[in-house]
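Worksheet: one structure, shown below.
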Amino acid sequence: MLATEYGLEDGNLVVDIGCNDGITLNAYEVPGLVRVGVEPSRVSQMARNAGLDVIGSFFNADISKQIIAKYGQARVITATNVFAHVDDMHSFIAGIHPLLCDDGVFVVEVAYLIDLIDNNLFDTIYHEHLCYLSLLPVSKFLKQYNLLIFHVERLSVGPSGPAIRFHIKKSSSSREISESVADLASDEVKWGVTNLQNYKQFANRVKELKTNTCAILNNLKDQGFRIGAFGAPAKGNTLLNYYGLSTEIIDCIADNTVLKQGKITPGSHISIVSDDEFLEKMPEYALLLTWNYLDFFLEHSQYIKEGGRFIVPFPIPRIMPSIPS
């Protein structure tokens, strides 16, 4: 979409902030692009091994100057599930405007605040996520740096639940602002982004969610059923610890990431095992901590095919697949 929509061609610079192993930069199929990643973690070496130029640092105004000095200005800058993690957002955004060419585009994808609140996704609130973003406050923030959102998309799937994607330009750019921006701004005003009561109600729902979910888990345990958990994402630890779950309720957690297997979850101290080992133990129920991939797991998970059932925590706790009446 980026390559087609924004006319990328041979010689253009594309920058991915938080490039990880280079997955986004490598996805461009346009020949001759200059691809530069910014990634402070050790995984950046995987991107380098793939032949990408990677700056091993956190992005800020100084890093922006380094990129401009070596490569020039960018046609497209991407930041996928990065912006909400940034400690100094001012320094980060101060580096965007000079790095963009006059008609360049900065595309940001993050979890969407409204979906978080409406779907009770409290588990996505953890140490990496410093900000919870929506259109109106982001627009106001960007204007300080002569940047404007000209198009916005809502996405049903993301690593932290439903997401929002902002397409951002320089204020001086001739790109037209799509109706999507005014439409979503109107929706956010109606929803009440600045209404504190919405957030207080969210807090009350989260308390109720804890009570109801723990009641389901304790009831199943009292009946003699074994309970595991499925997936060991970072957000799962928020849920496990807030609910006060431990090995008294959860036997083990299945995760196919080899680096996590043989470890225990922080705070709750539940063992993480491979999918195969989980299938050998075959608990009758599994708390689905990777709930954002529910549809995929219901269709493809061997655990479900062999008769297991998920306890899905959001937006309200429920058991799937349900038993036919």
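Lettering and numbering for the structure tokens are positional, with chains as A, B, ... in the shown order, residues counted from 1 in each chain, and ligands counted from 1 in the shown order.
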
Query - Those of region 96-292 of chain A in DSSP strand (DSSP E or B), formatted as a PyMOL selection string - result: chain A and resi 100-112+133+147-155+159+161+163-170+227-230+253-254+264+271-273+285-288

Next, the residues of the selection above should be written as an mmCIF file, in the first residue's frame with C-alpha atoms.
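File written: out_12.cif
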data_model
loop_
_atom_site.group_PDB
_atom_site.id
_atom_site.type_symbol
_atom_site.label_atom_id
_atom_site.label_comp_id
_atom_site.auth_asym_id
_atom_site.auth_seq_id
_atom_site.Cartn_x
_atom_site.Cartn_y
_atom_site.Cartn_z
ATOM 1 C CA LEU A 100 10.576 14.072 5.592
ATOM 2 C CA CYS A 101 10.897 15.389 2.059
ATOM 3 C CA ASP A 102 8.369 18.096 1.160
ATOM 4 C CA ASP A 103 5.736 15.604 0.027
ATOM 5 C CA GLY A 104 6.864 12.779 2.296
ATOM 6 C CA VAL A 105 4.634 10.722 4.559
ATOM 7 C CA PHE A 106 5.055 9.552 8.142
ATOM 8 C CA VAL A 107 2.889 6.512 8.981
ATOM 9 C CA VAL A 108 2.284 5.610 12.618
ATOM 10 C CA GLU A 109 0.403 2.522 13.777
ATOM 11 C CA VAL A 110 -0.507 2.075 17.458
ATOM 12 C CA ALA A 111 -3.148 0.450 19.624
ATOM 13 C CA TYR A 112 -6.257 2.629 19.673
ATOM 14 C CA LEU A 133 -3.389 7.390 21.777
ATOM 15 C CA LEU A 147 2.754 18.122 11.028
ATOM 16 C CA LEU A 148 -0.812 17.158 10.131
ATOM 17 C CA ILE A 149 -2.759 13.894 10.019
ATOM 18 C CA PHE A 150 -4.282 13.710 6.529
ATOM 19 C CA HIS A 151 -5.688 10.172 6.590
ATOM 20 C CA VAL A 152 -6.564 7.703 9.321
ATOM 21 C CA GLU A 153 -7.450 3.995 9.350
ATOM 22 C CA ARG A 154 -8.863 1.739 12.044
ATOM 23 C CA LEU A 155 -7.547 -1.831 12.071
ATOM 24 C CA PRO A 159 -0.372 -7.059 18.799
ATOM 25 C CA GLY A 161 -5.700 -5.360 20.103
ATOM 26 C CA ALA A 163 -5.151 -0.437 16.187
ATOM 27 C CA ILE A 164 -5.214 2.943 14.502
ATOM 28 C CA ARG A 165 -2.963 4.030 11.646
ATOM 29 C CA PHE A 166 -2.154 7.732 11.181
ATOM 30 C CA HIS A 167 -0.893 9.035 7.829
ATOM 31 C CA ILE A 168 0.979 12.262 8.575
ATOM 32 C CA LYS A 169 2.349 15.007 6.321
ATOM 33 C CA LYS A 170 4.122 18.315 6.674
ATOM 34 C CA ILE A 227 -6.562 -25.225 33.532
ATOM 35 C CA GLY A 228 -3.620 -24.019 31.469
ATOM 36 C CA ALA A 229 -2.995 -20.821 29.566
ATOM 37 C CA PHE A 230 -2.332 -20.267 25.890
ATOM 38 C CA ILE A 253 1.409 -21.907 29.701
ATOM 39 C CA ALA A 254 1.897 -22.936 26.065
ATOM 40 C CA ILE A 264 8.478 -18.814 34.216
ATOM 41 C CA SER A 271 6.020 -22.546 33.746
ATOM 42 C CA ILE A 272 6.106 -21.849 29.998
ATOM 43 C CA VAL A 273 6.176 -24.977 27.871
ATOM 44 C CA TYR A 285 -9.372 -25.461 29.608
ATOM 45 C CA ALA A 286 -6.839 -22.793 28.663
ATOM 46 C CA LEU A 287 -6.972 -19.097 29.513
ATOM 47 C CA LEU A 288 -6.269 -17.415 26.170
#

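Contact shell of region 35-52 of chain A at 9 Å (only C-alpha atoms; same-chain neighbours under 2 positions omitted): Asn12, Leu13, Val14, Val15, Asp16, Ile17, Gly18, Cys19, Asn20, Asp21, Gly22, Ile23, Leu25, Asn26, Leu33, Val54, Ile55, Gly56, Ser57, Phe58, Phe59, Ile63, Ile67 and Tyr71 of chain A.
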
Query raised in the report: Quick one: distance from CA of His127 (chain A) to CA of Tyr243 (chain A) in Å, one decimal?
Result: 17.4 Å

Requested in this report: Please provide as number ranges by chain all residues within 12 Å of region 298-301 of chain A, with the sequence filter that same-chain residues fewer than 2 positions apart are discarded (counting only C-alpha atoms).
Outcome: A: 230-231, 254-256, 275-276, 278-279, 286, 288, 290-296, 303-312, 319-322

Report task. Give the helix (DSSP H, G or I) residues of region 16-192 of chain A, as DSSP finds them on the backbone, and put them as a PyMOL selection string. Result -> chain A and resi 23-27+44-49+61-71+83-85+89-94+96-99+113-118+122-124+135-143+179-191

Query raised in the report: Which one of A:Leu142, A:Leu217, A:Leu121, A:Leu113 sits closest to Glu188 (chain A) if you count only C-alpha atoms?
Result: A:Leu113

Show which residues sit within 12 Å of Lys143 (chain A), as a PDB file with N, CA and C atoms, in the first residue's frame. Count only C-alpha atoms, and ignore same-chain residues fewer than 2 positions away.
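Final output, saved to result24.pdb:
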ATOM      1  N   HIS A  90       8.573  14.550  22.382  1.00  0.00           N
ATOM      2  CA  HIS A  90       8.925  15.823  21.745  1.00  0.00           C
ATOM      3  C   HIS A  90      10.190  15.674  20.895  1.00  0.00           C
ATOM      4  N   ILE A  93       9.360  13.481  17.733  1.00  0.00           N
ATOM      5  CA  ILE A  93       8.626  14.155  16.658  1.00  0.00           C
ATOM      6  C   ILE A  93       9.432  15.310  16.072  1.00  0.00           C
ATOM      7  N   ALA A  94      10.282  15.929  16.875  1.00  0.00           N
ATOM      8  CA  ALA A  94      11.126  17.020  16.359  1.00  0.00           C
ATOM      9  C   ALA A  94      12.050  16.515  15.258  1.00  0.00           C
ATOM     10  N   HIS A  97       9.923  16.026  11.136  1.00  0.00           N
ATOM     11  CA  HIS A  97       9.686  17.074  10.133  1.00  0.00           C
ATOM     12  C   HIS A  97      10.902  17.298   9.229  1.00  0.00           C
ATOM     13  N   LEU A 136      -7.632  12.926  18.320  1.00  0.00           N
ATOM     14  CA  LEU A 136      -7.689  14.325  18.741  1.00  0.00           C
ATOM     15  C   LEU A 136      -6.436  14.794  19.483  1.00  0.00           C
ATOM     16  N   PRO A 137      -5.985  14.105  20.511  1.00  0.00           N
ATOM     17  CA  PRO A 137      -4.770  14.567  21.188  1.00  0.00           C
ATOM     18  C   PRO A 137      -3.517  14.448  20.327  1.00  0.00           C
ATOM     19  N   VAL A 138      -3.435  13.417  19.487  1.00  0.00           N
ATOM     20  CA  VAL A 138      -2.266  13.270  18.615  1.00  0.00           C
ATOM     21  C   VAL A 138      -2.223  14.413  17.600  1.00  0.00           C
ATOM     22  N   SER A 139      -3.372  14.771  17.043  1.00  0.00           N
ATOM     23  CA  SER A 139      -3.424  15.882  16.089  1.00  0.00           C
ATOM     24  C   SER A 139      -2.930  17.175  16.735  1.00  0.00           C
ATOM     25  N   LYS A 140      -3.398  17.425  17.948  1.00  0.00           N
ATOM     26  CA  LYS A 140      -2.997  18.640  18.666  1.00  0.00           C
ATOM     27  C   LYS A 140      -1.499  18.648  18.926  1.00  0.00           C
ATOM     28  N   PHE A 141      -0.963  17.497  19.298  1.00  0.00           N
ATOM     29  CA  PHE A 141       0.474  17.388  19.579  1.00  0.00           C
ATOM     30  C   PHE A 141       1.306  17.629  18.323  1.00  0.00           C
ATOM     31  N   TYR A 145       4.650  20.793  15.748  1.00  0.00           N
ATOM     32  CA  TYR A 145       5.826  20.520  14.918  1.00  0.00           C
ATOM     33  C   TYR A 145       5.499  20.631  13.431  1.00  0.00           C
ATOM     34  N   ASN A 146       4.448  21.364  13.119  1.00  0.00           N
ATOM     35  CA  ASN A 146       4.050  21.603  11.725  1.00  0.00           C
ATOM     36  C   ASN A 146       3.814  20.309  10.960  1.00  0.00           C
ATOM     37  N   LEU A 147       3.139  19.399  11.630  1.00  0.00           N
ATOM     38  CA  LEU A 147       2.754  18.122  11.028  1.00  0.00           C
ATOM     39  C   LEU A 147       1.249  17.957  11.160  1.00  0.00           C
ATOM     40  N   LEU A 148       0.632  17.345  10.148  1.00  0.00           N
ATOM     41  CA  LEU A 148      -0.812  17.158  10.131  1.00  0.00           C
ATOM     42  C   LEU A 148      -1.172  15.723   9.763  1.00  0.00           C
ATOM     43  N   ILE A 149      -2.195  15.181  10.429  1.00  0.00           N
ATOM     44  CA  ILE A 149      -2.759  13.894  10.019  1.00  0.00           C
ATOM     45  C   ILE A 149      -3.691  14.151   8.844  1.00  0.00           C
ATOM     46  N   ILE A 168       0.617  10.906   8.148  1.00  0.00           N
ATOM     47  CA  ILE A 168       0.979  12.262   8.575  1.00  0.00           C
ATOM     48  C   ILE A 168       1.844  12.936   7.521  1.00  0.00           C
ATOM     49  N   LYS A 169       1.593  14.228   7.303  1.00  0.00           N
ATOM     50  CA  LYS A 169       2.349  15.007   6.321  1.00  0.00           C
ATOM     51  C   LYS A 169       2.855  16.287   6.971  1.00  0.00           C
ATOM     52  N   LYS A 170       3.754  16.967   6.272  1.00  0.00           N
ATOM     53  CA  LYS A 170       4.122  18.315   6.674  1.00  0.00           C
ATOM     54  C   LYS A 170       2.933  19.249   6.445  1.00  0.00           C
ATOM     55  N   SER A 171       2.807  20.249   7.300  1.00  0.00           N
ATOM     56  CA  SER A 171       1.693  21.198   7.142  1.00  0.00           C
ATOM     57  C   SER A 171       1.727  21.877   5.779  1.00  0.00           C
ATOM     58  N   SER A 172       2.920  22.033   5.234  1.00  0.00           N
ATOM     59  CA  SER A 172       3.079  22.721   3.949  1.00  0.00           C
ATOM     60  C   SER A 172       2.803  21.830   2.745  1.00  0.00           C
TER      61      SER A 172
END

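Counting from CA of Asn81 (chain A), the distance to CA of Gly158 (chain A) is 8.7 Å.
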
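Take CA of Met1 (chain A) and CA of Ser173 (chain A): the distance between them is 19.8 Å.
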